[in-house]
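Worksheet: the structure to be examined is printed underneath.
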Amino acid sequence: MSADSLEVTIGGQKLFLRGQDSEDLREHVALVNQTLEEITGPGGEVSVRVALLAALNLAETLAGERRRTLLLLRDIRERAVHVSECIDRIPR
């Protein structure tokens, strides 16, 4: 599968990115720009400090999503075990 190449602007900086899906890249760029704007306000200057704060914000969001996913997987496993036990108790 070939990688898509895309010119984007992140925090006012033009970059060329390459990935498997240009729509995913656009979505990620939009998320980063949104996070930067939340920190600086519209049209605010993006310094290294701001970029690091945005990275920390996104990492915190990702960690929270990972925790929620792990809890959901644990719940699904517990329910699957319960269903399996119920099935095993059905007389044959």
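Residues in the structure tokens are named by chain (A, B, ... in the order shown) and by number from 1 within that chain; ligands are numbered from 1 in the order shown.
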
Do a neighbour search on range 52-60 of chain A at 8 Å with only C-alpha atoms, toss out local chain neighbours closer than 6 positions, and write the hits as a CSV table (one decimal) with N, CA and C atoms, in the first residue's frame.
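And here's out_10.csv as it stands now:
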```
chain,number,residue,atom,x,y,z
A,32,VAL,N,-4.7,18.6,16.2
A,32,VAL,CA,-3.5,19.3,16.7
A,32,VAL,C,-3.8,20.9,16.6
A,35,THR,N,-6.2,21.9,19.3
A,35,THR,CA,-5.6,21.9,20.6
A,35,THR,C,-4.7,23.1,20.8
A,36,LEU,N,-3.9,23.5,19.7
A,36,LEU,CA,-3.0,24.7,19.8
A,36,LEU,C,-3.9,25.9,20.0
A,39,ILE,N,-5.1,26.6,23.4
A,39,ILE,CA,-4.1,27.1,24.3
A,39,ILE,C,-3.8,28.5,24.0
```

Using only C-alpha atoms, which residues sit within 10 Å of Val8 in chain A once same-chain residues fewer than 6 positions away are excluded, as a compact mmCIF listing (two decimals) with C-alpha atoms, in the first residue's frame?
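Result written to part21.txt:
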```txt
# COMPACT_ATOMS: atom_id res chain seq x y z
CA LYS A 14 3.82 24.36 6.57
CA LEU A 15 4.81 20.70 6.68
CA PHE A 16 4.80 17.76 4.30
CA LEU A 17 3.42 14.62 5.91
CA LEU A 25 -3.74 12.90 8.31
CA ARG A 26 -6.14 15.82 7.80
CA VAL A 29 -3.78 17.93 11.77
CA ALA A 30 -7.17 19.47 12.58
```

**Asked** Please, which residues of range 13-62 of chain A, numbered as in this document, come out strand (DSSP E) from DSSP, as a ChimeraX atom specification?
**Response** /A:13-19

Keeping C-alpha atoms, export the residues of the selection given above as a compact mmCIF listing (two decimals), in the first residue's frame.
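result.txt was written with the following content:
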```
# COMPACT_ATOMS: atom_id res chain seq x y z
CA GLN A 13 4.06 26.07 9.96
CA LYS A 14 3.82 24.36 6.57
CA LEU A 15 4.81 20.70 6.68
CA PHE A 16 4.80 17.76 4.30
CA LEU A 17 3.42 14.62 5.91
CA ARG A 18 3.20 11.10 4.64
CA GLY A 19 0.84 8.42 5.86
```

**Request:** Within range 1-87 of chain A, find each residue whose DSSP state, derived from the backbone, is helix (DSSP H, G or I), and express the selection as a ChimeraX atom specification.
**Result:** /A:22-40,48-87

Write a file of the just-selected residues containing C-alpha atoms, as a short mmCIF file (atom, residue, chain, number, x, y, z; two decimals), in the first residue's frame.
```cif
data_model
loop_
_atom_site.label_atom_id
_atom_site.label_comp_id
_atom_site.auth_asym_id
_atom_site.auth_seq_id
_atom_site.Cartn_x
_atom_site.Cartn_y
_atom_site.Cartn_z
CA SER A 22 -4.68 11.42 3.75
CA GLU A 23 -8.10 11.78 5.40
CA ASP A 24 -6.65 10.48 8.67
CA LEU A 25 -3.74 12.90 8.31
CA ARG A 26 -6.14 15.82 7.80
CA GLU A 27 -8.14 14.76 10.84
CA HIS A 28 -5.00 14.55 12.99
CA VAL A 29 -3.78 17.93 11.77
CA ALA A 30 -7.17 19.47 12.58
CA LEU A 31 -7.03 17.99 16.09
CA VAL A 32 -3.53 19.35 16.70
CA ASN A 33 -4.51 22.78 15.37
CA GLN A 34 -7.64 22.78 17.52
CA THR A 35 -5.57 21.92 20.60
CA LEU A 36 -3.05 24.66 19.79
CA GLU A 37 -5.87 27.18 19.35
CA GLU A 38 -7.39 26.17 22.69
CA ILE A 39 -4.09 27.07 24.33
CA THR A 40 -3.20 30.24 22.40
CA VAL A 48 7.91 25.51 21.61
CA ARG A 49 6.27 25.83 25.03
CA VAL A 50 2.80 25.95 23.47
CA ALA A 51 3.61 22.96 21.26
CA LEU A 52 4.75 21.00 24.34
CA LEU A 53 1.57 21.93 26.21
CA ALA A 54 -0.50 20.77 23.22
CA ALA A 55 1.44 17.50 23.11
CA LEU A 56 0.83 16.98 26.83
CA ASN A 57 -2.87 17.74 26.38
CA LEU A 58 -3.16 15.23 23.53
CA ALA A 59 -1.18 12.61 25.49
CA GLU A 60 -3.55 13.05 28.44
CA THR A 61 -6.55 12.58 26.15
CA LEU A 62 -4.97 9.48 24.60
CA ALA A 63 -4.16 7.99 28.02
CA GLY A 64 -7.76 8.53 29.13
CA GLU A 65 -9.08 6.83 26.00
CA ARG A 66 -6.70 3.91 26.54
CA ARG A 67 -7.93 3.53 30.14
CA ARG A 68 -11.57 3.56 28.99
CA THR A 69 -10.79 1.00 26.28
CA LEU A 70 -9.08 -1.32 28.79
CA LEU A 71 -12.06 -1.04 31.15
CA LEU A 72 -14.45 -1.85 28.30
CA LEU A 73 -12.35 -4.85 27.26
CA ARG A 74 -12.29 -6.12 30.84
CA ASP A 75 -16.08 -5.73 31.06
CA ILE A 76 -16.54 -7.57 27.75
CA ARG A 77 -14.30 -10.42 28.92
CA GLU A 78 -16.19 -10.72 32.23
CA ARG A 79 -19.52 -10.80 30.40
CA ALA A 80 -18.21 -13.38 27.92
CA VAL A 81 -17.09 -15.62 30.79
CA HIS A 82 -20.48 -15.21 32.45
CA VAL A 83 -22.34 -16.07 29.23
CA SER A 84 -20.06 -19.07 28.70
CA GLU A 85 -20.74 -20.30 32.24
CA CYS A 86 -24.49 -19.90 31.69
CA ILE A 87 -24.29 -21.89 28.47
#
```

**Request:** For CA of Asp21 in chain A and CA of Ala3 in chain A, determine how far apart the two atoms are, in Å to one decimal place.
**Result:** 7.1 Å
